[in-house]
file query.cif (mmCIF, C-alpha atoms)
data_work
loop_
_atom_site.label_atom_id
_atom_site.label_comp_id
_atom_site.auth_asym_id
_atom_site.auth_seq_id
_atom_site.Cartn_x
_atom_site.Cartn_y
_atom_site.Cartn_z
CA MET N 1 -40.02 31.26 41.99
CA ARG N 2 -42.27 32.28 39.11
CA ILE N 3 -41.40 30.84 35.72
CA ALA N 4 -42.13 33.15 32.86
CA THR N 5 -44.11 31.68 30.00
CA ARG N 6 -44.36 32.79 26.40
CA SER N 7 -47.48 32.96 24.34
CA PRO N 8 -47.67 30.26 21.58
CA TRP N 9 -48.63 33.10 19.24
CA LEU N 10 -45.35 34.90 20.01
CA ILE N 11 -43.32 31.71 19.41
CA MET N 12 -45.04 31.11 16.07
CA THR N 13 -44.45 34.73 15.06
CA ALA N 14 -40.73 34.51 15.91
CA THR N 15 -40.39 31.23 14.00
CA ALA N 16 -42.06 32.69 10.94
CA ALA N 17 -39.72 35.68 11.08
CA ALA N 18 -36.67 33.40 11.23
CA LEU N 19 -37.91 31.38 8.26
CA ALA N 20 -38.45 34.60 6.33
CA VAL N 21 -34.82 35.57 6.93
CA LEU N 22 -33.62 32.16 5.72
CA ALA N 23 -35.82 32.43 2.66
CA SER N 24 -34.22 35.78 1.81
CA LEU N 25 -30.76 34.18 2.01
CA PHE N 26 -31.71 31.19 -0.14
CA PRO N 27 -34.06 32.26 -2.95
CA PRO N 28 -36.72 29.81 -4.16
CA GLN N 29 -35.08 29.41 -7.58
CA LEU N 30 -32.19 27.50 -5.95
CA LYS N 31 -34.41 24.64 -4.84
CA ALA N 32 -33.31 21.31 -6.29
CA GLN N 33 -35.15 20.44 -9.45
CA GLY N 34 -34.75 17.72 -12.05
CA THR N 35 -34.60 14.00 -11.43
CA GLN N 36 -35.59 12.96 -7.92
CA GLY N 37 -32.67 11.67 -5.82
CA GLN N 38 -29.99 13.46 -7.83
CA ASN N 39 -27.96 16.50 -6.87
CA ALA N 40 -28.96 19.79 -8.49
CA VAL N 41 -26.52 21.82 -10.58
CA CYS N 42 -26.69 24.99 -12.66
CA PRO N 43 -27.02 24.17 -16.37
CA SER N 44 -24.93 27.18 -17.48
CA GLN N 45 -22.38 29.68 -16.24
CA THR N 46 -24.66 32.66 -16.88
CA GLY N 47 -27.43 31.86 -14.44
CA CYS N 48 -29.07 29.34 -12.19
CA SER N 49 -32.77 30.08 -12.49
CA SER N 50 -33.58 26.49 -13.45
CA PRO N 51 -31.23 23.96 -11.82
CA VAL N 52 -31.29 20.47 -13.25
CA GLY N 53 -30.56 17.04 -11.85
CA THR N 54 -27.10 15.60 -12.50
CA ASN N 55 -25.68 12.12 -12.58
CA ALA N 56 -22.28 13.40 -11.49
CA PHE N 57 -23.10 11.84 -8.09
CA ILE N 58 -25.32 8.77 -8.18
CA ASP N 59 -26.89 6.94 -5.25
CA GLY N 60 -26.49 3.26 -6.08
CA SER N 61 -29.15 2.21 -3.56
CA SER N 62 -31.81 4.07 -5.59
CA VAL N 63 -31.45 1.60 -8.48
CA PRO N 64 -34.51 -0.73 -8.64
CA GLN N 65 -34.26 -4.01 -6.74
CA GLY N 66 -33.12 -7.16 -8.52
CA HIS N 67 -29.56 -6.00 -9.14
CA ASP N 68 -26.61 -7.10 -7.02
CA ILE N 69 -23.92 -4.53 -6.22
CA CYS N 70 -21.73 -5.39 -9.23
CA ASP N 71 -24.68 -5.33 -11.61
CA THR N 72 -25.90 -2.06 -10.09
CA ILE N 73 -22.56 -0.34 -10.65
CA TYR N 74 -22.33 -1.80 -14.15
CA VAL N 75 -25.80 -0.54 -15.11
CA ILE N 76 -25.03 2.94 -13.78
CA LEU N 77 -21.68 3.13 -15.57
CA LYS N 78 -23.15 1.91 -18.83
CA ALA N 79 -25.89 4.55 -18.75
CA SER N 80 -23.77 7.39 -17.37
CA THR N 81 -22.95 10.30 -19.67
CA TYR N 82 -21.25 12.46 -17.06
CA LEU N 83 -17.64 11.34 -16.58
CA PRO N 84 -16.10 10.63 -14.24
CA ALA N 85 -19.17 9.56 -12.28
CA VAL N 86 -19.20 9.28 -8.50
CA ILE N 87 -21.21 6.18 -7.60
CA ASP N 88 -22.18 5.88 -3.96
CA ALA N 89 -22.95 2.21 -3.33
CA ARG N 90 -22.66 2.49 0.47
CA GLY N 91 -26.43 2.16 0.89
CA ILE N 92 -26.51 -1.34 -0.68
CA SER N 93 -26.72 -4.12 1.91
CA GLY N 94 -27.82 -7.72 2.41
CA ALA N 95 -26.02 -10.96 1.55
CA ALA N 96 -27.90 -11.44 -1.75
CA ASN N 97 -27.23 -7.88 -2.89
CA LEU N 98 -23.55 -8.19 -2.01
CA THR N 99 -22.99 -11.43 -3.94
CA CYS N 100 -21.93 -10.76 -7.53
CA THR N 101 -23.13 -13.48 -9.90
CA LYS N 102 -23.29 -11.73 -13.30
CA GLY N 103 -19.72 -10.43 -13.44
CA SER N 104 -17.72 -7.48 -12.15
CA PRO N 105 -18.80 -3.83 -11.92
CA TRP N 106 -17.12 -3.25 -15.30
CA ASN N 107 -17.74 -6.48 -17.21
CA GLU N 108 -20.85 -8.61 -17.68
CA SER N 109 -20.92 -11.49 -20.17
CA GLY N 110 -17.93 -10.07 -22.02
CA SER N 111 -19.43 -6.58 -22.38
CA TYR N 112 -16.83 -4.22 -20.90
CA VAL N 113 -17.54 -0.69 -19.63
CA ASN N 114 -14.40 1.40 -19.92
CA LYS N 115 -15.43 4.60 -18.10
CA PRO N 116 -13.68 6.54 -15.33
CA SER N 117 -15.41 6.68 -11.96
CA VAL N 118 -15.10 7.01 -8.20
CA ILE N 119 -16.89 4.10 -6.50
CA LEU N 120 -17.75 4.16 -2.80
CA LEU N 121 -18.26 0.62 -1.52
CA PRO N 122 -20.45 -0.33 1.46
CA ALA N 123 -19.42 -1.94 4.71
CA GLY N 124 -19.91 -5.68 4.55
CA THR N 125 -18.68 -8.73 2.65
CA ILE N 126 -18.83 -8.59 -1.15
CA ILE N 127 -18.39 -12.00 -2.82
CA THR N 128 -17.28 -11.89 -6.44
CA SER N 129 -17.26 -14.76 -8.92
CA VAL N 130 -14.70 -13.08 -11.21
CA PRO N 131 -11.68 -10.78 -10.80
CA TRP N 132 -12.33 -7.05 -10.65
CA VAL N 133 -10.42 -5.44 -13.53
CA LEU N 134 -10.38 -1.69 -12.95
CA PRO N 135 -10.33 0.65 -15.99
CA ALA N 136 -8.17 3.78 -16.21
CA ASN N 137 -9.01 6.60 -13.80
CA THR N 138 -11.02 4.40 -11.45
CA LYS N 139 -10.91 4.94 -7.70
CA LEU N 140 -12.25 2.14 -5.51
CA ILE N 141 -12.83 3.30 -1.93
CA GLY N 142 -14.12 1.10 0.87
CA VAL N 143 -15.24 1.75 4.44
CA ALA N 144 -12.67 1.73 7.26
CA LYS N 145 -9.20 0.30 7.12
CA GLY N 146 -9.87 -3.43 6.85
CA ASN N 147 -8.03 -4.50 10.02
CA ILE N 148 -7.60 -8.15 10.91
CA GLN N 149 -9.38 -8.88 14.19
CA GLY N 150 -9.66 -12.02 16.25
CA ASN N 151 -9.69 -15.00 13.92
CA GLY N 152 -9.34 -12.88 10.79
CA ASN N 153 -13.03 -12.23 10.19
CA ASN N 154 -13.80 -8.67 9.23
CA TYR N 155 -16.58 -6.94 11.07
CA ILE N 156 -19.61 -4.99 9.94
CA LEU N 157 -17.88 -1.61 9.74
CA GLU N 158 -15.42 -2.77 7.10
CA THR N 159 -15.51 -3.47 3.38
CA THR N 160 -14.27 -6.93 2.38
CA ILE N 161 -14.01 -8.29 -1.17
CA VAL N 162 -13.97 -12.10 -1.13
CA ALA N 163 -12.63 -14.23 -3.98
CA GLY N 164 -15.26 -16.69 -5.20
CA PHE N 165 -12.80 -18.13 -7.74
CA SER N 166 -9.48 -20.00 -7.51
CA SER N 167 -7.01 -18.32 -9.91
CA GLY N 168 -5.94 -14.88 -11.06
CA ALA N 169 -6.04 -11.64 -9.03
CA VAL N 170 -8.94 -10.43 -6.93
CA VAL N 171 -8.27 -6.84 -8.06
CA GLN N 172 -6.34 -6.03 -11.23
CA PHE N 173 -5.19 -2.60 -12.40
CA GLY N 174 -6.11 -2.37 -16.09
CA ASP N 175 -5.81 -4.94 -18.88
CA SER N 176 -5.69 -5.01 -22.68
CA HIS N 177 -8.15 -2.10 -22.78
CA CYS N 178 -5.32 0.16 -21.59
CA PRO N 179 -3.24 1.92 -24.26
CA SER N 180 0.10 0.36 -25.16
CA SER N 181 1.84 2.78 -22.80
CA GLY N 182 -0.41 1.71 -19.91
CA CYS N 183 -3.28 3.20 -17.92
CA GLN N 184 -3.20 5.94 -15.31
CA GLY N 185 -5.17 6.96 -12.25
CA ILE N 186 -6.27 3.62 -10.74
CA SER N 187 -6.36 3.30 -6.95
CA VAL N 188 -7.74 1.08 -4.19
CA GLU N 189 -8.20 2.32 -0.63
CA HIS N 190 -9.56 1.32 2.77
CA LEU N 191 -10.73 -2.25 2.32
CA THR N 192 -9.86 -5.91 2.85
CA ILE N 193 -9.23 -8.50 0.14
CA ASN N 194 -9.98 -12.05 1.30
CA GLY N 195 -8.50 -14.81 -0.87
CA SER N 196 -10.56 -17.55 0.86
CA GLY N 197 -7.40 -19.64 1.32
CA GLN N 198 -6.87 -20.02 -2.44
CA THR N 199 -3.81 -19.47 -4.61
CA VAL N 200 -4.91 -16.10 -5.93
CA ASN N 201 -3.12 -12.74 -5.97
CA GLY N 202 -4.56 -9.88 -3.96
CA ILE N 203 -3.82 -6.80 -6.07
CA GLU N 204 -1.97 -7.07 -9.37
CA ASN N 205 -0.60 -4.12 -11.33
CA ASP N 206 1.14 -4.66 -14.63
CA ASN N 207 -0.73 -2.02 -16.62
CA CYS N 208 -0.88 1.20 -14.59
CA GLY N 209 1.78 3.85 -13.94
CA LEU N 210 1.21 7.45 -12.88
CA LEU N 211 -1.34 8.11 -10.11
CA CYS N 212 -1.87 4.37 -9.57
CA TYR N 213 -1.61 3.49 -5.87
CA VAL N 214 -2.83 1.36 -2.95
CA ASP N 215 -3.51 2.68 0.55
CA HIS N 216 -4.81 1.05 3.75
CA VAL N 217 -5.55 -2.39 2.33
CA THR N 218 -5.45 -5.75 4.12
CA MET N 219 -4.82 -9.03 2.26
CA TYR N 220 -6.20 -11.99 4.19
CA GLN N 221 -5.80 -15.69 3.27
CA VAL N 222 -4.29 -14.74 -0.08
CA LEU N 223 -2.02 -17.67 -0.90
CA GLY N 224 -0.52 -16.32 -4.12
CA THR N 225 1.16 -12.90 -3.99
CA GLY N 226 -0.50 -10.20 -1.94
CA LEU N 227 0.75 -7.24 -3.98
CA MET N 228 2.24 -7.92 -7.44
CA VAL N 229 3.78 -4.97 -9.32
CA SER N 230 5.35 -5.99 -12.62
CA GLY N 231 6.25 -4.82 -16.10
CA THR N 232 7.32 -1.52 -17.64
CA ASN N 233 3.77 -0.15 -17.69
CA ALA N 234 3.80 -0.15 -13.88
CA THR N 235 6.77 2.23 -13.82
CA ASP N 236 6.13 5.33 -11.67
CA SER N 237 3.19 3.63 -9.95
CA GLY N 238 2.62 3.90 -6.21
CA PRO N 239 3.15 4.56 -3.47
CA TYR N 240 1.83 1.31 -2.03
CA SER N 241 1.24 2.21 1.60
CA ASN N 242 -0.27 0.92 4.85
CA ILE N 243 -0.66 -2.69 3.73
CA THR N 244 -1.26 -5.73 5.95
CA PHE N 245 -0.75 -9.27 4.62
CA ASP N 246 -1.85 -12.19 6.79
CA VAL N 247 -2.38 -15.77 5.59
CA GLY N 248 -4.41 -16.55 8.72
CA SER N 249 -4.76 -20.29 9.27
CA SER N 250 -4.17 -21.09 5.59
CA MET N 251 -0.71 -21.94 4.30
CA ASP N 252 1.32 -22.40 1.15
CA THR N 253 5.11 -22.30 1.33
CA MET N 254 5.21 -20.32 -1.94
CA THR N 255 2.95 -17.56 -0.61
CA GLN N 256 4.52 -14.11 -1.04
CA CYS N 257 3.58 -10.89 0.67
CA ALA N 258 4.67 -8.66 -2.25
CA GLN N 259 6.87 -8.56 -5.34
CA ILE N 260 8.21 -5.79 -7.58
CA ILE N 261 9.70 -7.08 -10.83
CA GLY N 262 10.45 -5.79 -14.32
CA THR N 263 9.67 -2.10 -13.75
CA SER N 264 12.03 0.85 -14.26
CA GLY N 265 11.15 2.19 -10.83
CA THR N 266 8.13 2.77 -8.60
CA ARG N 267 7.22 5.19 -5.83
CA GLY N 268 7.86 2.37 -3.41
CA ILE N 269 6.21 0.38 -0.63
CA HIS N 270 5.77 2.44 2.51
CA GLY N 271 4.36 0.66 5.53
CA ILE N 272 3.71 -3.07 5.18
CA THR N 273 3.25 -5.95 7.64
CA CYS N 274 3.78 -9.51 6.34
CA ILE N 275 2.56 -12.45 8.47
CA ALA N 276 2.76 -16.16 7.62
CA ASN N 277 1.95 -19.04 9.95
CA PRO N 278 3.59 -21.50 9.72
CA THR N 279 6.67 -20.39 7.83
CA ALA N 280 6.51 -19.51 4.12
CA THR N 281 9.69 -19.10 2.10
CA ASN N 282 9.95 -15.47 0.96
CA GLY N 283 8.13 -12.39 2.23
CA ILE N 284 8.94 -9.60 -0.23
CA LEU N 285 10.77 -10.11 -3.54
CA LEU N 286 12.55 -7.06 -4.97
CA ASP N 287 13.61 -7.80 -8.55
CA ALA N 288 13.68 -4.33 -10.11
CA SER N 289 15.65 -1.09 -9.86
CA ASN N 290 14.92 2.36 -8.42
CA ASN N 291 12.55 1.44 -5.60
CA SER N 292 12.27 2.12 -1.88
CA ILE N 293 10.77 -0.24 0.70
CA GLU N 294 10.38 1.18 4.18
CA ASP N 295 8.63 0.64 7.51
CA VAL N 296 8.37 -3.15 7.13
CA ARG N 297 7.45 -5.78 9.72
CA ILE N 298 8.13 -9.42 8.83
CA ILE N 299 6.70 -12.36 10.81
CA GLY N 300 6.89 -16.05 9.91
CA PHE N 301 8.70 -15.89 6.55
CA TYR N 302 12.03 -17.72 6.33
CA ASN N 303 13.51 -14.88 4.24
CA GLY N 304 12.04 -11.44 4.91
CA ILE N 305 13.10 -9.34 1.90
CA VAL N 306 14.92 -11.07 -0.97
CA VAL N 307 16.78 -8.78 -3.38
CA GLY N 308 17.73 -9.81 -6.91
CA SER N 309 16.75 -13.49 -6.86
CA GLN N 310 14.88 -13.33 -10.21
CA ALA N 311 16.17 -10.20 -11.98
CA ALA N 312 18.70 -7.39 -11.63
CA ALA N 313 18.02 -4.96 -8.78
CA LYS N 314 20.00 -1.71 -8.73
CA SER N 315 19.71 1.59 -6.88
CA ASN N 316 17.24 0.44 -4.23
CA VAL N 317 16.76 1.58 -0.63
CA LEU N 318 15.53 -0.56 2.29
CA LEU N 319 14.71 1.48 5.40
CA ASN N 320 13.44 0.54 8.84
CA ILE N 321 12.99 -3.22 8.40
CA TYR N 322 12.08 -5.31 11.47
CA GLY N 323 11.99 -9.06 11.95
CA ASP N 324 9.27 -9.61 14.53
CA THR N 325 7.43 -12.46 16.21
CA ASN N 326 3.80 -13.02 17.14
CA THR N 327 2.93 -15.59 19.83
CA SER N 328 4.16 -18.90 18.34
CA ILE N 329 5.14 -17.50 14.92
CA GLN N 330 8.89 -17.21 14.53
CA GLN N 331 10.98 -14.35 13.23
CA PRO N 332 12.59 -14.64 9.79
CA ILE N 333 15.84 -16.60 9.66
CA ASN N 334 17.29 -14.12 7.13
CA LEU N 335 15.66 -10.72 7.46
CA ILE N 336 17.30 -9.45 4.25
CA GLN N 337 18.88 -11.74 1.67
CA ILE N 338 20.98 -10.30 -1.19
CA HIS N 339 21.52 -12.56 -4.18
CA SER N 340 24.75 -12.88 -6.11
CA GLY N 341 25.61 -11.16 -9.39
CA THR N 342 22.42 -9.10 -9.79
CA VAL N 343 22.53 -6.42 -7.08
CA SER N 344 24.43 -3.12 -6.83
CA ASP N 345 23.97 0.31 -5.24
CA LEU N 346 21.78 -1.09 -2.47
CA ALA N 347 21.41 0.98 0.71
CA ILE N 348 20.04 -0.76 3.81
CA ILE N 349 19.36 1.49 6.80
CA ALA N 350 17.99 0.73 10.26
CA VAL N 351 17.27 -3.02 10.32
CA ALA N 352 16.74 -5.38 13.25
CA ASN N 353 16.27 -9.13 13.72
CA PRO N 354 17.05 -9.72 17.39
CA ALA N 355 16.07 -13.40 17.82
CA THR N 356 18.77 -15.98 18.62
CA GLY N 357 20.01 -17.97 15.63
CA THR N 358 18.81 -15.48 13.02
CA THR N 359 20.59 -13.30 10.48
CA THR N 360 19.91 -9.63 9.94
CA ILE N 361 21.59 -9.43 6.51
CA GLN N 362 22.76 -12.34 4.37
CA ASP N 363 24.81 -11.04 1.44
CA LEU N 364 25.34 -13.96 -0.95
CA GLN N 365 27.12 -11.63 -3.36
CA GLY N 366 29.64 -10.35 -0.81
CA LEU N 367 29.79 -13.70 0.99
CA THR N 368 28.93 -11.90 4.21
CA THR N 369 26.49 -12.78 6.97
CA LEU N 370 25.66 -10.24 9.64
CA SER N 371 24.21 -11.73 12.80
CA ASP N 372 24.10 -8.39 14.61
CA PRO N 373 20.62 -7.99 16.11
CA TYR N 374 20.65 -4.36 14.93
CA VAL N 375 22.46 -2.87 11.93
CA GLY N 376 22.43 0.87 11.38
CA MET N 377 23.72 0.79 7.80
CA TYR N 378 24.86 -1.64 5.15
CA VAL N 379 25.66 -0.33 1.68
CA LEU N 380 26.56 -2.52 -1.28
CA GLY N 381 28.13 -0.43 -4.03
CA GLU N 382 29.31 -0.96 -7.58
CA SER N 383 31.02 -4.11 -8.84
CA SER N 384 34.77 -3.87 -9.47
CA SER N 385 37.57 -6.43 -9.82
CA GLY N 386 35.32 -9.34 -9.03
CA GLY N 387 33.74 -7.77 -5.96
CA ASN N 388 31.61 -4.90 -4.71
CA SER N 389 32.47 -1.91 -2.59
CA ARG N 390 30.76 -2.17 0.79
CA PHE N 391 30.20 0.01 3.82
CA THR N 392 28.56 -0.88 7.12
CA THR N 393 28.23 0.10 10.75
CA SER N 394 28.32 -3.58 11.79
CA THR N 395 30.97 -4.45 14.36
CA THR N 396 31.08 -8.10 13.26
CA MET N 397 31.83 -7.33 9.61
CA SER N 398 34.86 -9.05 8.08
CA ALA N 399 37.97 -6.89 7.67
CA ASN N 400 37.64 -6.55 3.88
CA ALA N 401 34.72 -4.12 4.11
CA ALA N 402 34.67 -0.52 5.25
CA THR N 403 32.97 0.05 8.57
CA TRP N 404 31.99 2.96 10.80
CA MET N 405 33.22 2.51 14.36
CA PHE N 406 33.40 4.65 17.46
CA GLY N 407 35.35 4.80 20.69
CA SER N 408 36.68 7.09 23.38
CA GLY N 409 39.70 8.99 22.13
CA ALA N 410 41.62 8.88 18.87
CA PRO N 411 42.47 5.54 17.20
CA HIS N 412 46.11 4.52 17.05
CA PRO N 413 47.43 5.40 13.57
CA LEU N 414 48.83 1.88 13.04
CA THR N 415 45.73 -0.06 14.12
CA PRO N 416 44.74 -2.36 11.20
CA CYS N 417 41.68 -1.15 9.35
CA ALA N 418 39.82 -1.63 6.06
CA MET N 419 40.35 1.12 3.52
CA GLY N 420 37.63 3.77 3.65
CA SER N 421 36.46 2.88 7.16
CA LEU N 422 35.39 5.69 9.49
CA TYR N 423 36.00 6.15 13.20
CA SER N 424 34.16 8.61 15.45
CA ASP N 425 35.66 9.86 18.69
CA ALA N 426 32.77 9.77 21.14
CA SER N 427 34.68 11.56 23.92
CA GLY N 428 35.29 14.75 21.97
CA THR N 429 38.80 15.07 23.45
CA ALA N 430 40.82 14.21 20.32
CA THR N 431 42.06 16.75 17.79
CA SER N 432 39.60 15.51 15.16
CA GLY N 433 36.20 14.02 15.87
CA LEU N 434 36.20 11.87 12.70
CA TYR N 435 38.95 9.64 11.27
CA VAL N 436 39.28 7.75 8.00
CA CYS N 437 41.38 4.66 7.21
CA THR N 438 44.03 5.43 4.59
CA PRO N 439 46.95 3.36 3.20
CA SER N 440 49.11 4.81 5.98
CA GLY N 441 46.58 4.12 8.73
CA TRP N 442 44.00 6.26 10.54
CA GLN N 443 44.03 9.93 9.56
CA GLY N 444 41.97 12.71 11.13
CA VAL N 445 39.41 14.46 8.94
CA PRO N 446 39.78 18.28 9.15
CA THR N 447 36.80 19.92 10.77
CA GLN N 448 37.00 22.99 8.48
#
call {"tool": "encode", "arguments": {"input": "query.cif", "output": "structure tokens"}}
result
Amino acid sequence: MRIATRSPWLIMTATAAALAVLASLFPPQLKAQGTQGQNAVCPSQTGCSSPVGTNAFIDGSSVPQGHDICDTIYVILKASTYLPAVIDARGISGAANLTCTKGSPWNESGSYVNKPSVILLPAGTIITSVPWVLPANTKLIGVAKGNIQGNGNNYILETTIVAGFSSGAVVQFGDSHCPSSGCQGISVEHLTINGSGQTVNGIENDNCGLLCYVDHVTMYQVLGTGLMVSGTNATDSGPYSNITFDVGSSMDTMTQCAQIIGTSGTRGIHGITCIANPTATNGILLDASNNSIEDVRIIGFYNGIVVGSQAAAKSNVLLNIYGDTNTSIQQPINLIQIHSGTVSDLAIIAVANPATGTTTIQDLQGLTTLSDPYVGMYVLGESSSGGNSRFTTSTTMSANAATWMFGSGAPHPLTPCAMGSLYSDASGTATSGLYVCTPSGWQGVPTQ
């Protein structure tokens, strides 16, 4: 078989023709000009004959050597005139460059830079000597999720911020530089916070409301509170989603996975795993109203979610809560504990704590303990005449609370029942499929 060959001259001619076509599509005047290493933008809306460099997007690795990552970001922010700036620090590497000794990216020697920005952090371990206090409209984005692997060490493809101090919060949303009504627009995403086995908080928000959230963050060896949301200025903050809290081999019985207290309502916690080994006292403390906590996995805390132990907690929803185990770490003894005199209008839906000798719901206000391994619904209503209205699907509930039961066929009208209870006919043969307990016994609910 003969293989056809092409003349080098023909190939060069075809290549030149292709380049000429590309040149006609992208005129020479659109070539990047201005400061080397910066993106080019048009200086006006009327034309783009002379593009200029912009600091709207800044490569942090282009800053001269001698600056660690915190100092690099600080220098860029201080000099930046385009706001908000996007600072790409993902090209900074090396242990020395990732150890912050002069301060945080926003504060050096008491000189605070209060400018909005989007900061892209590199993969690797960043050690900070001081808390990171984020100004309004600051987005802190790491690399990857920050999963716990093996012995809790985070690998090269993940961003980890390590506390090189022993008190306070590793990351704090705003401070006194916020207006009296609080800051807005602060977020942290896709990274790990390592407390180094010290009594520090992971992320603390008592100054930021709207558009302030946390997503895909792991708290490791944080022996204070992993996520602390407190105060009226944190109202409307969240959601706080996809969070993992693991104390690793460190331990303090007062360690808490998360707490919401003193707000008028948040956008809730959605997706959180809380692990303590050995057992700590309380996993999540809910001491505020108008919140939702859902998709929760609790391992190794004596009490999983504690409602109303420190302040009034009204109109809250707990959904899909699971008491789990992990090798030798036990499940919570009380998956959900409701305190007396401070809680009302609480809806608990889809909870499970299947281990022997554990409680799914301990209601200290209603003097009720549910040991059912699975509870579809438990609702604690308003207070009246020294008690609270209650409704549950539990089959072990005491007779003074409304329940939702089922069976084959209609219930006998004179069978004792708690007022307001419901009964479903699972066979579908009775006149009515749903019955309600009235003063005169079970009565069918009309279908039309």
call {"tool": "atom_distance", "arguments": {"input": "query.cif", "atom1": "CA of Tyr82 (chain N)", "atom2": "CA of Glu204 (chain N)"}}
result
28.5 Å
call {"tool": "closest_residue", "arguments": {"input": "query.cif", "among": "N:Tyr240, N:Ala163, N:Asp246, N:Asn290", "to": "Gly271 (chain N)", "atoms": "all atoms listed in the file"}}
result
N:Tyr240
call {"tool": "atom_distance", "arguments": {"input": "query.cif", "atom1": "CA of Ile58 (chain N)", "atom2": "CA of Asp175 (chain N)"}}
result
26.1 Å
call {"tool": "atom_distance", "arguments": {"input": "query.cif", "atom1": "CA of Gly103 (chain N)", "atom2": "CA of Pro131 (chain N)"}}
result
8.5 Å
call {"tool": "resolve_selection", "arguments": {"input": "query.cif", "expression": "the PyMOL selection byres ((chain N and resi 326) around 10)", "output": "PyMOL selection string"}}
result
chain N and resi 275+277+299-300+324-325+327-331
call {"tool": "residues_around", "arguments": {"input": "query.cif", "residues": "Ser104 (chain N)", "least_positions_apart": "6", "cutoff": "12 Å", "atoms": "only C-alpha atoms", "output": "NGL selection string"}}
result
:N and (68-75 or 77 or 98 or 110-113 or 126-135 or 161 or 163-164 or 170-172)
call {"tool": "write_last_selection", "arguments": {"input": "query.cif", "atoms": "C-alpha atoms", "output": "PDB file, in the frame of the given file"}}
result
ATOM      1  CA  ASP N  68     -26.610  -7.100  -7.020  1.00  0.00           C
ATOM      2  CA  ILE N  69     -23.920  -4.530  -6.220  1.00  0.00           C
ATOM      3  CA  CYS N  70     -21.730  -5.390  -9.230  1.00  0.00           C
ATOM      4  CA  ASP N  71     -24.680  -5.330 -11.610  1.00  0.00           C
ATOM      5  CA  THR N  72     -25.900  -2.060 -10.090  1.00  0.00           C
ATOM      6  CA  ILE N  73     -22.560  -0.340 -10.650  1.00  0.00           C
ATOM      7  CA  TYR N  74     -22.330  -1.800 -14.150  1.00  0.00           C
ATOM      8  CA  VAL N  75     -25.800  -0.540 -15.110  1.00  0.00           C
ATOM      9  CA  LEU N  77     -21.680   3.130 -15.570  1.00  0.00           C
ATOM     10  CA  LEU N  98     -23.550  -8.190  -2.010  1.00  0.00           C
ATOM     11  CA  GLY N 110     -17.930 -10.070 -22.020  1.00  0.00           C
ATOM     12  CA  SER N 111     -19.430  -6.580 -22.380  1.00  0.00           C
ATOM     13  CA  TYR N 112     -16.830  -4.220 -20.900  1.00  0.00           C
ATOM     14  CA  VAL N 113     -17.540  -0.690 -19.630  1.00  0.00           C
ATOM     15  CA  ILE N 126     -18.830  -8.590  -1.150  1.00  0.00           C
ATOM     16  CA  ILE N 127     -18.390 -12.000  -2.820  1.00  0.00           C
ATOM     17  CA  THR N 128     -17.280 -11.890  -6.440  1.00  0.00           C
ATOM     18  CA  SER N 129     -17.260 -14.760  -8.920  1.00  0.00           C
ATOM     19  CA  VAL N 130     -14.700 -13.080 -11.210  1.00  0.00           C
ATOM     20  CA  PRO N 131     -11.680 -10.780 -10.800  1.00  0.00           C
ATOM     21  CA  TRP N 132     -12.330  -7.050 -10.650  1.00  0.00           C
ATOM     22  CA  VAL N 133     -10.420  -5.440 -13.530  1.00  0.00           C
ATOM     23  CA  LEU N 134     -10.380  -1.690 -12.950  1.00  0.00           C
ATOM     24  CA  PRO N 135     -10.330   0.650 -15.990  1.00  0.00           C
ATOM     25  CA  ILE N 161     -14.010  -8.290  -1.170  1.00  0.00           C
ATOM     26  CA  ALA N 163     -12.630 -14.230  -3.980  1.00  0.00           C
ATOM     27  CA  GLY N 164     -15.260 -16.690  -5.200  1.00  0.00           C
ATOM     28  CA  VAL N 170      -8.940 -10.430  -6.930  1.00  0.00           C
ATOM     29  CA  VAL N 171      -8.270  -6.840  -8.060  1.00  0.00           C
ATOM     30  CA  GLN N 172      -6.340  -6.030 -11.230  1.00  0.00           C
TER      31      GLN N 172
END
call {"tool": "closest_atom_pairs", "arguments": {"input": "query.cif", "of": "region 161-257 of chain N", "to": "region 139-142 of chain N", "cutoff": "12 Å", "atoms": "all atoms listed in the file", "output": "tab-separated table"}}
result
residue	atom	partner	partner_atom	distance
N:Ile161	CA	N:Gly142	CA	9.6
N:Val171	CA	N:Leu140	CA	10.1
N:Gln172	CA	N:Leu140	CA	11.6
N:Phe173	CA	N:Lys139	CA	10.6
N:Gln184	CA	N:Lys139	CA	10.9
N:Gly185	CA	N:Lys139	CA	7.6
N:Ile186	CA	N:Lys139	CA	5.7
N:Ser187	CA	N:Lys139	CA	4.9
N:Val188	CA	N:Leu140	CA	4.8
N:Glu189	CA	N:Ile141	CA	4.9
N:His190	CA	N:Gly142	CA	4.9
N:Leu191	CA	N:Gly142	CA	5.0
N:Thr192	CA	N:Gly142	CA	8.4
N:Ile193	CA	N:Gly142	CA	10.8
N:Leu211	CA	N:Lys139	CA	10.4
N:Cys212	CA	N:Lys139	CA	9.2
N:Tyr213	CA	N:Lys139	CA	9.6
N:Val214	CA	N:Leu140	CA	9.8
N:Asp215	CA	N:Ile141	CA	9.7
N:His216	CA	N:Gly142	CA	9.7
N:Val217	CA	N:Gly142	CA	9.4
N:Thr218	CA	N:Gly142	CA	11.5
call {"tool": "residues_around", "arguments": {"input": "query.cif", "residues": "region 264-266 of chain N", "least_positions_apart": "5", "cutoff": "8 Å", "atoms": "only C-alpha atoms", "output": "number ranges by chain"}}
result
N: 232, 234-239, 288-292
call {"tool": "residues_near_point", "arguments": {"input": "query.cif", "point": "(-15.4, 7.8, -9.0)", "cutoff": "7 Å", "atoms": "only C-alpha atoms", "output": "list in words"}}
result
Pro84, Ala85, Val86, Ile87, Pro116, Ser117, Val118, Ile119, Thr138 and Lys139 of chain N
